[in-house]
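Data block below; observations after.
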Amino acid sequence: EINQNTYLVNGELKTWTGDTANVYSSVSSTPEYKPTLLGKIPQLGKEEALEALDSACNAYGKGQGEWPRMKVKDRVACMEKFVEQMKTKREEVVKLLMWEIGKSLPDSEKEFDRTVDYIYDTIEEYKQLDRDSAKFEKHDGVNAHIRRGSLGVVLCLGPYNYPLNETFALLIPAIIMGNTVIFKPAKHGVLLMTPLLEAFQTSFPTGVVNIIYGRGRVVATPIMETGRVDVLALIGNSTSANALQESHPRQNRLRLVLGLEAKNPAIVLPDADLDLTIDECIAGTLSFNGQRCTALKVLYVHENIIEAFNKRFSDRVDALPFGNPWDQGVKLTPLPEPGKPAYIQELIDDALEKGASILNEKGGETTENYIFPAVLYPVNKDMRVFKEEQFGPVIPVLPFKDIQEPLHDMAESNYGQQVSVFGQNVKTLAPLIDTLVNLVCRVNLNSSCQRGPDVYPFTGRKDSAVGTLSVHDALRSFSIRTFVASKDN
Ligand code: G3H
């Protein structure tokens with residue numbers, strides 16, 4: 001049990017003696033399910049939240065603080081110090097990823113290692129940005145020395161499904177570009193920040209990084225209401241993002257970097273290679289139980305091959321092993337959100353009432369901490385599972401005759417992150433891609449949707465995202481292009 005009673009404000013690891021919240025795990029090593037108490041985290045109040053804001057504002061000093069004015073090589077040294085310390089915490093963080101959010105051992109290790117790589121890549125990209133800024137541009141007798149300027153004070157909130165990797169995809173570029181941050185971890189995947197608090201404290205100057213805990217409405221909203229936040233950086237749901245954005249009194253001044261919901265479709269054309277398509281659709285729909293914004297959340301399959309697809313796909317789903325995150329070869333693991341099995345059951349019941357069936361034998365089988373993935377067919381547009389981002393183990397399958405059907409749905413959708421297309425005929429694929437690039441931000445050919453490699457742009461259209469994250473783009477999202485102009489004498 002971890003009794004985490006510290007938070008980081010003003011360069012100090014402060015001890016909290018007030019209210020705490022219990023952190024439970026849905027993972028159990030015994031067959032009879034019992035939520036395990038993993039530890040406690042502070043539930044800070046408004047006063048402490050505003051103290052964190054003051055700390056970040058003072059460190060930024062309206063652009064005159066030590067950090068925003070610091071030389072590139074010195075900021076790089078701070079970040080290198082941080083990542084070196086972080087690497088020594090791998091075992092603890094990986095263990096917490098498994099216990100707190102039920103992520104399998106290989107995926108937890110991958111999340112940690114991928115994040116470390118992301119930090120090193122960010123450092124290299126930042127140095128490159130600096131080398132580029134040494135070049136002058138000249139037009140009509142005016143020389144321009146391009147410099148990326150920082151944006152100010154950033155309020156950063158990360159998601160529970162990639163509490164390390166996605167959170168750091170915001171935090172690291174925000175910090176290295178000279179901004180100062182207040183970071184509040186998500187409700188699940190929160191204890192894993194504990195082993196890293198000291199690394200943050202000792203690597204960066206006072207007030208550059210502030211880490212607080214508590215309920216969003218109690219700590220994040222009052223921070224926004226002051227109007228002193230320059231950037232809201234959030235990966236999570238649009239309800240929280242909108243509420244926080246709206247609580248800022250001068251929204252026109254607020255910059256946003258947001259990664260929100262998605263409903264990425266797969267379009268399986270009649271000439272698709274079925275073996276490959278099924279492998280990719282299994283990974284795309286059910287990696288980490290479908291709890292990924294990049295997951296495939298609806299499958300459109302051409303009517304000529306739907307029967308073969310449904311049979312083979314459902315059998316493969318039923319063969320996926322469920323177990324604890326550390327079990328060898330496990331693919332499905334307990335769900336960290338206590339209410340998730342009941343929510344998925346509601347989606348299934350709604351679809352069944354409106355005419356769908358569960359295709360796989362084990363679909364919908366429940367235990368206290370899990371609901372086995374159900375393949376639902378035929379799904380129609382009145383069903384909740386078609387309209388809502390399920391973010392969990394349930395897979396809607398729709399037949400289509402004409403490619404215009406999925407294209408129409410994509411155009412009407414509120415989301416626009418990615419799509420996967422399965423087919424082999426270049427003459428069909430090429431014109432289709434010409435349309436798809438106008439509907440989403442990443443078209444995956446014969447492969448499932450995913451964010452990585454992290455050097456590629458990660459963004460979305462419509463309600464799916466604001467701003468772009470990739471090693472390259474994130475540095476730009478958290479800074480502004482400024483320049484020093486001089487005239488030839
Ligand atoms: O939730 C969205 C994550 O960025 C997914 O990342 O597609 O690389 O697993 P991934």
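By order in the structure tokens, chains are A, B, ...; within a chain, residues start at 1; ligands start at 1, following the order shown.
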Closest contacts (range 96-154 of chain A/range 52-66 of chain A, max 10 Å, only C-alpha atoms) as a tab-separated table:
residue	atom	partner	partner_atom	distance
A:Gly149	CA	A:Gly63	CA	9.2
A:Ser150	CA	A:Gly63	CA	7.8
A:Leu151	CA	A:Gly63	CA	8.5
A:Gly152	CA	A:Tyr60	CA	6.5
A:Val153	CA	A:Cys57	CA	6.3
A:Val154	CA	A:Ala56	CA	8.4
Take the selection from the previous step and output its residues with all heavy atoms, as a compact mmCIF listing (two decimals), in the first residue's frame.
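Output saved as selection30.txt:
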# COMPACT_ATOMS: atom_id res chain seq x y z
N GLY A 149 9.17 31.21 -29.21
CA GLY A 149 8.96 31.78 -27.88
C GLY A 149 8.00 30.91 -27.08
O GLY A 149 7.13 30.24 -27.64
N SER A 150 8.13 30.91 -25.77
CA SER A 150 7.25 30.11 -24.91
C SER A 150 5.85 30.75 -24.87
O SER A 150 5.68 31.90 -25.29
CB SER A 150 7.83 30.03 -23.51
OG SER A 150 7.98 31.34 -23.01
N LEU A 151 4.88 30.00 -24.33
CA LEU A 151 3.50 30.51 -24.29
C LEU A 151 3.07 30.99 -22.92
O LEU A 151 2.19 31.82 -22.79
CB LEU A 151 2.53 29.41 -24.76
CG LEU A 151 2.69 28.95 -26.21
CD1 LEU A 151 1.73 27.80 -26.50
CD2 LEU A 151 2.43 30.10 -27.18
N GLY A 152 3.67 30.43 -21.86
CA GLY A 152 3.29 30.88 -20.52
C GLY A 152 3.04 29.75 -19.55
O GLY A 152 3.81 28.80 -19.47
N VAL A 153 1.91 29.87 -18.84
CA VAL A 153 1.57 28.90 -17.79
C VAL A 153 0.60 27.87 -18.37
O VAL A 153 -0.42 28.23 -18.96
CB VAL A 153 0.94 29.64 -16.59
CG1 VAL A 153 0.41 28.66 -15.56
CG2 VAL A 153 1.97 30.57 -15.98
N VAL A 154 0.96 26.60 -18.21
CA VAL A 154 0.17 25.52 -18.81
C VAL A 154 -0.50 24.69 -17.70
O VAL A 154 0.17 24.26 -16.76
CB VAL A 154 1.10 24.57 -19.62
CG1 VAL A 154 0.30 23.44 -20.27
CG2 VAL A 154 1.89 25.35 -20.67
For ligand 1, return the neighbouring residues as a PyMOL selection string (distance at most 10 Å; only C-alpha atoms and all ligand atoms).
chain A and resi 107+110-111+114+159-163+165-167+169+235-236+259-262+283-284+287-288+290-296+391+448-454+458-459+469
List the neighbours of Phe82 in chain A out to 9 Å using only C-alpha atoms; skip same-chain residues closer than 5 positions along the sequence, and give me the result as number ranges by chain.
A: 77, 87, 196, 199-200, 202-204
Which is closer to Glu80 in chain A than all the others in A:Glu48, A:Leu232, A:Arg461, A:Ile123, using only C-alpha atoms?
A:Ile123
Selection: 9 Å around Pro396 in chain A, only C-alpha atoms, excl. self and same-chain fewer than 3 positions, as number ranges by chain
A: 297-300, 374-380, 385-386
Which of these residues is nearest to Lys135 in chain A, using only C-alpha atoms: A:Arg147, A:Ser470, A:Thr435, A:Glu303?
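Selected residue with least distance to Lys135 in chain A: A:Arg147.
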Residues near range 5-18 of chain A, anyone? I mean within 8 Å using only C-alpha atoms, not counting same-chain ones fewer than 2 positions away, as a ChimeraX atom specification.
/A:3,20,40-44,51-52,55-56,197-198,201,205-213
Generate the output file for the selected residues, N, CA and C atoms, as an mmCIF file, in the first residue's frame.
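As a result, out33.cif now contains:
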data_model
loop_
_atom_site.group_PDB
_atom_site.id
_atom_site.type_symbol
_atom_site.label_atom_id
_atom_site.label_comp_id
_atom_site.auth_asym_id
_atom_site.auth_seq_id
_atom_site.Cartn_x
_atom_site.Cartn_y
_atom_site.Cartn_z
ATOM 1 N N ASN A 3 1.119 5.072 0.720
ATOM 2 C CA ASN A 3 0.458 6.249 1.274
ATOM 3 C C ASN A 3 1.200 7.485 0.806
ATOM 4 N N THR A 20 -7.779 12.417 2.028
ATOM 5 C CA THR A 20 -7.129 11.604 0.991
ATOM 6 C C THR A 20 -8.199 10.794 0.271
ATOM 7 N N LYS A 40 -3.247 5.627 -1.075
ATOM 8 C CA LYS A 40 -4.053 6.849 -0.880
ATOM 9 C C LYS A 40 -3.328 8.015 -1.534
ATOM 10 N N ILE A 41 -4.116 8.928 -2.046
ATOM 11 C CA ILE A 41 -3.513 10.141 -2.608
ATOM 12 C C ILE A 41 -4.173 11.383 -1.986
ATOM 13 N N PRO A 42 -3.439 12.487 -1.931
ATOM 14 C CA PRO A 42 -3.999 13.710 -1.346
ATOM 15 C C PRO A 42 -5.187 14.225 -2.160
ATOM 16 N N GLN A 43 -6.137 14.794 -1.473
ATOM 17 C CA GLN A 43 -7.249 15.504 -2.128
ATOM 18 C C GLN A 43 -7.085 16.965 -1.756
ATOM 19 N N LEU A 44 -6.303 17.661 -2.530
ATOM 20 C CA LEU A 44 -6.005 19.057 -2.204
ATOM 21 C C LEU A 44 -7.248 19.914 -2.374
ATOM 22 N N GLU A 51 -2.089 27.952 -4.870
ATOM 23 C CA GLU A 51 -0.683 28.080 -4.495
ATOM 24 C C GLU A 51 0.202 27.505 -5.636
ATOM 25 N N ALA A 52 -0.266 26.404 -6.215
ATOM 26 C CA ALA A 52 0.469 25.810 -7.350
ATOM 27 C C ALA A 52 0.460 26.769 -8.546
ATOM 28 N N SER A 55 2.867 29.517 -7.947
ATOM 29 C CA SER A 55 4.217 28.992 -8.127
ATOM 30 C C SER A 55 4.599 28.982 -9.619
ATOM 31 N N ALA A 56 3.678 28.464 -10.459
ATOM 32 C CA ALA A 56 3.960 28.407 -11.905
ATOM 33 C C ALA A 56 4.053 29.818 -12.496
ATOM 34 N N LEU A 197 8.095 11.978 -8.553
ATOM 35 C CA LEU A 197 7.986 13.330 -7.993
ATOM 36 C C LEU A 197 9.353 13.949 -7.695
ATOM 37 N N GLU A 198 10.217 13.137 -7.103
ATOM 38 C CA GLU A 198 11.519 13.668 -6.711
ATOM 39 C C GLU A 198 12.357 14.044 -7.942
ATOM 40 N N GLN A 201 11.227 17.304 -8.994
ATOM 41 C CA GLN A 201 11.631 18.340 -8.040
ATOM 42 C C GLN A 201 13.102 18.722 -8.213
ATOM 43 N N PRO A 205 14.157 24.037 -12.198
ATOM 44 C CA PRO A 205 14.156 25.141 -11.232
ATOM 45 C C PRO A 205 12.806 25.266 -10.513
ATOM 46 N N THR A 206 12.840 25.921 -9.386
ATOM 47 C CA THR A 206 11.654 26.105 -8.537
ATOM 48 C C THR A 206 10.445 26.604 -9.329
ATOM 49 N N GLY A 207 9.335 25.888 -9.183
ATOM 50 C CA GLY A 207 8.068 26.352 -9.752
ATOM 51 C C GLY A 207 7.842 26.006 -11.212
ATOM 52 N N VAL A 208 8.836 25.440 -11.886
ATOM 53 C CA VAL A 208 8.644 25.118 -13.315
ATOM 54 C C VAL A 208 7.635 23.978 -13.462
ATOM 55 N N VAL A 209 7.742 22.976 -12.582
ATOM 56 C CA VAL A 209 6.789 21.859 -12.621
ATOM 57 C C VAL A 209 6.100 21.772 -11.260
ATOM 58 N N ASN A 210 4.774 21.802 -11.282
ATOM 59 C CA ASN A 210 3.987 21.684 -10.055
ATOM 60 C C ASN A 210 3.023 20.525 -10.246
ATOM 61 N N ILE A 211 2.983 19.613 -9.278
ATOM 62 C CA ILE A 211 2.122 18.431 -9.438
ATOM 63 C C ILE A 211 1.140 18.391 -8.270
ATOM 64 N N ILE A 212 -0.141 18.411 -8.639
ATOM 65 C CA ILE A 212 -1.188 18.464 -7.601
ATOM 66 C C ILE A 212 -2.164 17.300 -7.788
ATOM 67 N N TYR A 213 -2.888 16.998 -6.739
ATOM 68 C CA TYR A 213 -3.840 15.893 -6.764
ATOM 69 C C TYR A 213 -5.187 16.384 -6.247
#
List every residue of range 167-363 of chain A that DSSP, applied to the backbone, labels as alpha helix (DSSP H), and write the result as a PyMOL selection string.
chain A and resi 167-176+197-203+216-225+238-246+274-286+306-318+340-353
Using 12 Å as the limit and counting only C-alpha atoms, can you tabulate each residue of range 315-410 of chain A that touches range 177-188 of chain A, with its shortest atom-to-atom distance in Å and the two atoms involved, as CSV?
residue,atom,partner,partner_atom,distance
A:Leu335,CA,A:His188,CA,10.8
A:Pro336,CA,A:His188,CA,7.2
A:Glu337,CA,A:His188,CA,7.8
A:Pro338,CA,A:His188,CA,10.6
Which one of A:Phe322, A:Leu274, A:Pro334, A:His472 sits closest to Asn310 in chain A if you count only C-alpha atoms?
A:Leu274
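Using only C-alpha atoms for every distance, the candidate list A:Asp74, A:Met86, A:Cys441, A:Val421 yields A:Val421 as the residue closest to His302 in chain A.
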Would you please give, as a ChimeraX atom specification, all residues of range 227-272 of chain A that DSSP assigns to strand (DSSP E or B) based on the backbone?
/A:231-235,255-259,264-268
From the set A:His145, A:Arg131, A:Arg316, A:Arg250, which residue has the shortest atom-to-atom contact distance to Leu359 in chain A, counting only C-alpha atoms?
A:Arg316
Can you pull out the residues contacting Ser238 in chain A? Cut-off 12 Å, using only C-alpha atoms, and skip same-chain residues under 5 positions away; I want them as a PyMOL selection string.
chain A and resi 159+243-246+258-262+389+414-415+462-466
